[in-house]
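As provided, run02.cif (mmCIF, C-alpha atoms) reads as follows.
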data_start
#
loop_
_atom_site.label_atom_id
_atom_site.label_comp_id
_atom_site.auth_asym_id
_atom_site.auth_seq_id
_atom_site.Cartn_x
_atom_site.Cartn_y
_atom_site.Cartn_z
CA MET A 12 19.11 6.89 -6.49
CA LEU A 13 17.35 7.02 -9.82
CA ASP A 14 13.68 6.99 -10.58
CA SER A 15 12.61 3.64 -11.97
CA GLY A 16 12.10 5.08 -15.43
CA GLU A 17 15.78 5.99 -15.61
CA LEU A 18 17.01 2.51 -14.76
CA GLU A 19 17.72 0.31 -17.72
CA ASN A 20 17.23 -2.91 -15.80
CA ALA A 21 14.44 -1.72 -13.54
CA LYS A 22 12.45 -4.47 -11.88
CA SER A 23 8.74 -4.60 -12.51
CA MET A 24 5.64 -5.99 -10.85
CA SER A 25 2.03 -6.42 -11.84
CA ILE A 26 -0.92 -7.01 -9.54
CA ILE A 27 -4.40 -8.14 -10.51
CA VAL A 28 -6.77 -6.57 -7.98
CA THR A 29 -10.03 -8.51 -7.76
CA LYS A 30 -11.49 -7.60 -4.38
CA GLY A 31 -12.98 -4.33 -3.20
CA SER A 32 -13.69 -4.73 0.51
CA LEU A 33 -11.83 -2.68 3.12
CA ASP A 34 -9.62 -5.55 4.32
CA TRP A 35 -8.80 -6.90 0.85
CA ALA A 36 -7.94 -3.44 -0.46
CA TYR A 37 -4.80 -3.40 1.70
CA PRO A 38 -2.51 -6.09 0.24
CA PRO A 39 -2.45 -4.73 -3.34
CA PHE A 40 -2.03 -1.09 -2.31
CA ILE A 41 0.61 -1.82 0.36
CA LEU A 42 2.67 -3.99 -1.97
CA GLY A 43 2.18 -1.69 -4.95
CA THR A 44 3.20 1.52 -3.19
CA THR A 45 6.12 -0.14 -1.38
CA ALA A 46 7.42 -1.66 -4.62
CA ALA A 47 7.20 1.76 -6.29
CA ALA A 48 9.17 3.22 -3.36
CA MET A 49 11.82 0.55 -4.04
CA ASP A 50 12.16 1.70 -7.67
CA VAL A 51 10.03 -1.10 -9.07
CA GLU A 52 7.76 -0.29 -12.01
CA VAL A 53 4.26 -1.21 -10.89
CA THR A 54 1.10 -1.92 -12.87
CA MET A 55 -2.18 -2.61 -11.10
CA PHE A 56 -5.06 -4.12 -13.05
CA PHE A 57 -8.44 -3.60 -11.37
CA THR A 58 -11.10 -6.11 -12.29
CA PHE A 59 -14.45 -7.29 -10.94
CA TYR A 60 -14.94 -6.05 -7.35
CA GLY A 61 -11.44 -4.58 -7.31
CA LEU A 62 -12.70 -1.98 -9.77
CA THR A 63 -14.57 -0.19 -6.95
CA LEU A 64 -11.16 0.79 -5.50
CA LEU A 65 -10.78 3.22 -8.41
CA LYS A 66 -14.08 5.01 -7.78
CA LYS A 67 -13.79 8.72 -6.97
CA ASP A 68 -15.93 8.21 -3.91
CA LEU A 69 -14.39 5.41 -1.85
CA ASN A 70 -16.77 3.96 0.69
CA LEU A 71 -15.24 0.62 1.49
CA LYS A 72 -17.20 -1.95 3.42
CA PHE A 73 -16.03 -4.71 5.66
CA THR A 74 -17.81 -7.90 6.56
CA THR A 75 -17.14 -10.70 9.00
CA LEU A 76 -19.20 -13.07 6.85
CA GLY A 77 -17.31 -15.93 5.27
CA ASN A 78 -14.26 -14.97 7.32
CA PRO A 79 -14.02 -17.48 10.17
CA ALA A 80 -10.34 -16.69 10.76
CA MET A 81 -11.01 -13.08 11.73
CA GLU A 82 -10.48 -12.23 15.38
CA MET A 83 -10.72 -8.65 16.59
CA PRO A 84 -8.61 -7.57 19.56
CA MET A 85 -10.96 -6.68 22.35
CA MET A 86 -10.36 -5.86 26.01
CA GLY A 87 -7.03 -7.65 26.09
CA GLY A 88 -8.36 -10.74 24.33
CA HIS A 89 -9.63 -11.62 20.88
CA MET A 90 -13.19 -11.92 19.72
CA ALA A 91 -14.19 -14.17 16.85
CA MET A 92 -17.38 -13.42 14.99
CA PRO A 93 -19.52 -16.44 14.00
CA ASN A 94 -21.20 -15.97 10.62
CA ILE A 95 -24.65 -16.04 12.19
CA VAL A 96 -23.78 -12.95 14.28
CA GLY A 97 -22.35 -11.16 11.24
CA MET A 98 -25.70 -11.65 9.51
CA LEU A 99 -27.62 -9.64 12.11
CA PRO A 100 -28.68 -6.18 10.95
CA GLY A 101 -26.10 -3.54 11.83
CA VAL A 102 -23.33 -5.95 12.80
CA GLY A 103 -21.55 -5.59 9.45
CA ALA A 104 -21.57 -1.80 9.68
CA ALA A 105 -20.41 -1.93 13.31
CA ALA A 106 -17.56 -4.30 12.40
CA GLY A 107 -16.56 -1.90 9.61
CA THR A 108 -16.48 1.03 12.02
CA MET A 109 -14.46 -1.02 14.51
CA MET A 110 -11.98 -1.96 11.81
CA LYS A 111 -11.58 1.66 10.67
CA ASN A 112 -11.02 2.81 14.27
CA LEU A 113 -8.45 0.08 14.80
CA ILE A 114 -6.64 1.07 11.59
CA LYS A 115 -6.45 4.68 12.75
CA LYS A 116 -5.36 3.78 16.28
CA LYS A 117 -2.50 1.59 15.04
CA GLY A 118 -1.12 4.18 12.62
CA VAL A 119 -2.03 2.07 9.59
CA ALA A 120 -2.56 4.08 6.41
CA SER A 121 -6.09 4.53 5.10
CA ILE A 122 -6.81 3.15 1.63
CA GLU A 123 -7.35 6.75 0.49
CA GLU A 124 -3.79 7.61 1.62
CA LEU A 125 -2.30 4.57 -0.07
CA ARG A 126 -4.18 5.25 -3.29
CA GLU A 127 -2.92 8.82 -3.24
CA ALA A 128 0.62 7.48 -2.76
CA ALA A 129 0.09 5.10 -5.67
CA ILE A 130 -0.88 8.00 -7.92
CA GLU A 131 2.04 10.13 -6.72
CA SER A 132 4.53 7.36 -7.39
CA ASP A 133 3.30 6.89 -10.97
CA ILE A 134 1.87 3.42 -10.54
CA LYS A 135 0.09 2.51 -13.75
CA MET A 136 -3.52 1.75 -12.88
CA ILE A 137 -5.63 -0.02 -15.46
CA ALA A 138 -9.40 -0.43 -15.09
CA CYS A 139 -10.86 -3.52 -16.71
CA GLN A 140 -13.06 -2.34 -19.58
CA MET A 141 -15.25 -5.42 -19.43
CA THR A 142 -15.97 -4.90 -15.72
CA LEU A 143 -16.93 -1.26 -16.37
CA ASP A 144 -19.45 -2.47 -18.96
CA LEU A 145 -20.66 -5.37 -16.82
CA PHE A 146 -21.39 -3.30 -13.72
CA GLU A 147 -22.46 -0.23 -15.72
CA TYR A 148 -19.79 2.21 -14.59
CA SER A 149 -18.36 4.95 -16.76
CA LYS A 150 -14.79 6.20 -16.73
CA ASP A 151 -16.20 9.41 -15.20
CA ASP A 152 -17.04 7.50 -12.00
CA MET A 153 -13.35 6.69 -11.61
CA ILE A 154 -10.39 8.78 -10.47
CA ASP A 155 -8.32 10.64 -13.07
CA GLY A 156 -5.15 9.22 -14.51
CA ILE A 157 -6.28 5.64 -15.00
CA GLU A 158 -6.17 3.70 -18.23
CA LEU A 159 -8.68 1.25 -19.64
CA GLY A 160 -7.71 -2.15 -20.88
CA GLY A 161 -8.49 -5.82 -21.10
CA ALA A 162 -6.87 -9.19 -20.57
CA ALA A 163 -4.42 -8.76 -23.44
CA THR A 164 -3.30 -5.38 -22.08
CA TYR A 165 -2.61 -6.97 -18.72
CA LEU A 166 -0.82 -9.99 -20.19
CA GLU A 167 1.49 -7.84 -22.27
CA THR A 168 2.68 -6.20 -19.04
CA ALA A 169 2.70 -9.43 -17.02
CA LEU A 170 4.84 -11.27 -19.56
CA LYS A 171 7.72 -8.88 -18.98
CA SER A 172 7.26 -8.38 -15.21
CA ASP A 173 9.50 -9.90 -12.54
CA ILE A 174 6.59 -10.39 -10.13
CA ASN A 175 2.95 -11.04 -10.98
CA LEU A 176 0.39 -11.24 -8.20
CA PHE A 177 -3.31 -12.08 -8.16
CA ILE A 178 -5.06 -10.67 -5.11
CA MET B 4 21.12 16.50 14.99
CA ALA B 5 20.95 15.57 11.34
CA GLU B 6 19.86 18.20 8.85
CA HIS B 7 17.18 16.04 7.27
CA VAL B 8 14.90 14.32 9.76
CA LEU B 9 11.75 12.29 9.23
CA ASN B 10 9.61 11.55 12.23
CA ALA B 11 7.66 8.38 11.41
CA GLU B 12 6.83 7.53 15.00
CA GLY B 13 3.41 5.95 15.45
CA LEU B 14 3.14 5.04 11.77
CA ASN B 15 2.74 1.47 10.64
CA CYS B 16 3.90 -0.44 7.55
CA PRO B 17 4.29 0.72 4.83
CA LEU B 18 4.03 4.41 5.77
CA PRO B 19 7.58 4.85 7.20
CA ILE B 20 9.04 3.52 3.91
CA LEU B 21 6.69 5.56 1.71
CA LYS B 22 7.41 8.77 3.60
CA ALA B 23 11.15 8.06 3.68
CA LYS B 24 11.20 7.54 -0.09
CA LYS B 25 9.29 10.77 -0.65
CA MET B 26 11.62 12.73 1.61
CA LEU B 27 14.79 11.13 0.22
CA LYS B 28 13.95 12.64 -3.15
CA THR B 29 14.41 16.09 -1.60
CA VAL B 30 17.72 15.21 0.09
CA PRO B 31 20.78 16.11 -1.99
CA VAL B 32 22.93 13.15 -3.10
CA GLY B 33 25.56 12.34 -0.47
CA GLU B 34 23.57 13.79 2.41
CA VAL B 35 21.97 11.81 5.20
CA LEU B 36 18.32 11.41 6.14
CA GLU B 37 17.57 10.45 9.72
CA ILE B 38 14.36 8.51 10.27
CA ARG B 39 12.72 7.84 13.61
CA ALA B 40 10.10 5.08 13.73
CA THR B 41 8.28 2.96 16.27
CA ASP B 42 7.22 0.14 13.93
CA PRO B 43 9.41 -2.88 14.86
CA GLY B 44 9.04 -4.17 11.30
CA SER B 45 10.85 -1.09 10.02
CA VAL B 46 14.23 -2.56 11.05
CA ALA B 47 14.07 -5.31 8.44
CA ASP B 48 12.17 -3.11 6.00
CA PHE B 49 14.67 -0.24 5.89
CA ALA B 50 17.51 -2.75 5.40
CA ALA B 51 15.64 -4.27 2.44
CA PHE B 52 14.68 -0.85 1.10
CA CYS B 53 18.29 0.32 1.09
CA LYS B 54 19.59 -2.91 -0.42
CA GLN B 55 17.11 -2.62 -3.28
CA THR B 56 17.37 1.12 -3.98
CA GLY B 57 21.13 1.36 -3.50
CA ASN B 58 20.93 4.02 -0.81
CA GLU B 59 23.34 3.43 2.02
CA LEU B 60 22.05 2.42 5.45
CA ILE B 61 24.68 4.02 7.65
CA SER B 62 23.17 3.04 10.96
CA SER B 63 20.19 1.25 12.43
CA THR B 64 19.86 1.73 16.16
CA LYS B 65 17.30 1.65 18.94
CA GLU B 66 16.77 4.32 21.59
CA GLY B 67 14.10 3.21 24.03
CA ASP B 68 11.04 2.43 21.96
CA VAL B 69 12.28 4.37 18.95
CA PHE B 70 14.17 2.88 16.03
CA LYS B 71 16.59 5.28 14.38
CA PHE B 72 17.91 4.90 10.86
CA GLU B 73 20.44 6.99 9.01
CA ILE B 74 20.25 6.67 5.25
CA LYS B 75 22.72 8.31 2.90
CA ARG B 76 21.28 9.18 -0.46
CA THR B 77 23.41 7.82 -3.28
#
structure tokens encoding of this file:
Amino acid sequence: MLDSGELENAKSMSIIVTKGSLDWAYPPFILGTTAAAMDVEVTMFFTFYGLTLLKKDLNLKFTTLGNPAMEMPMMGGHMAMPNIVGMLPGVGAAAGTMMKNLIKKKGVASIEELREAAIESDIKMIACQMTLDLFEYSKDDMIDGIELGGAATYLETALKSDINLFI
Amino acid sequence: MAEHVLNAEGLNCPLPILKAKKMLKTVPVGEVLEIRATDPGSVADFAAFCKQTGNELISSTKEGDVFKFEIKRT
């Protein structure tokens, strides 16, 4: 078993990460870290709301709003959450707490753990420079080891990748 | 009892794979890592993992609620 860097014909994958809520943070980090574990060279490009996933202080929120398909397991059944209920004060925060408890109970990794695994497995993480400017963040707000880049930086990687995902 | 054992019981996707990969790096080439997991998805996932990374899946068995995998590092 060789590390991906040692393989001449290593497979590669790029992911554009556009969303920064607790639920949407999972697909890119799960696929990225698993691909890296399978000797795939991974690049993740964080843009718009996805950029918040690179902040030093992760405080991910979850909302039921605009998510009619969501059903939470509850007392042996499933509970849907109509948008009008999700709008009530405190319901969003409560749903977030419920989701975090469920994640822990089911042995699902936290986003913090997956991000740590991404760093350990040398996933290249690029923060979108334009988004930093737009939302007035500085590189100091973000974790160490990331790079800054723009659309052309991403495309250069994507053009030679075997898999390109937009999440 | 195998010399290298990873207990991934109670962990869900993708943690068993991530931890197995991390531990495999410390296993000398030719030696076997035994993994115990309770995630039913790990059966298909460890087969795919081994196929892609070239490590050899020697066995994939089930004892009660626990899935046991033996992977030989190549």
Could you tell me which residues of chain A sit within 9 Å of chain B when counting only C-alpha atoms, and give me the result as a ChimeraX atom specification? /A:12-13,41-42,44-45,47-50,117-120,125,128,132
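The space between CA of Thr54 (chain A) and CA of Lys171 (chain A) spans 11.4 Å.
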Evaluate the PyMOL selection byres ((chain A and resi 56) around 6) and report residues as a PyMOL selection string: chain A and resi 27-28+55+57+137
Suppose a student applies the PyMOL selection byres ((chain A and resi 139-144) around 6) to this structure; what residues should they get, written as a VMD selection string? chain A and resid 57 to 59 138 145 to 148 159 to 161
Carefully work through the PyMOL selection byres ((chain A and resi 178) around 9) for this structure and note down the residues it includes, as a list in words. Ile26, Ile27, Val28, Thr29, Lys30, Trp35, Pro38, Pro39, Leu176 and Phe177 of chain A
Would you mind exporting the chosen residues as a PDB file, in the coordinates of the input, restricted to C-alpha atoms?
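Saved result, again28.pdb, follows:
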ATOM      1  CA  ILE A  26      -0.920  -7.010  -9.540  1.00  0.00           C
ATOM      2  CA  ILE A  27      -4.400  -8.140 -10.510  1.00  0.00           C
ATOM      3  CA  VAL A  28      -6.770  -6.570  -7.980  1.00  0.00           C
ATOM      4  CA  THR A  29     -10.030  -8.510  -7.760  1.00  0.00           C
ATOM      5  CA  LYS A  30     -11.490  -7.600  -4.380  1.00  0.00           C
ATOM      6  CA  TRP A  35      -8.800  -6.900   0.850  1.00  0.00           C
ATOM      7  CA  PRO A  38      -2.510  -6.090   0.240  1.00  0.00           C
ATOM      8  CA  PRO A  39      -2.450  -4.730  -3.340  1.00  0.00           C
ATOM      9  CA  LEU A 176       0.390 -11.240  -8.200  1.00  0.00           C
ATOM     10  CA  PHE A 177      -3.310 -12.080  -8.160  1.00  0.00           C
TER      11      PHE A 177
END
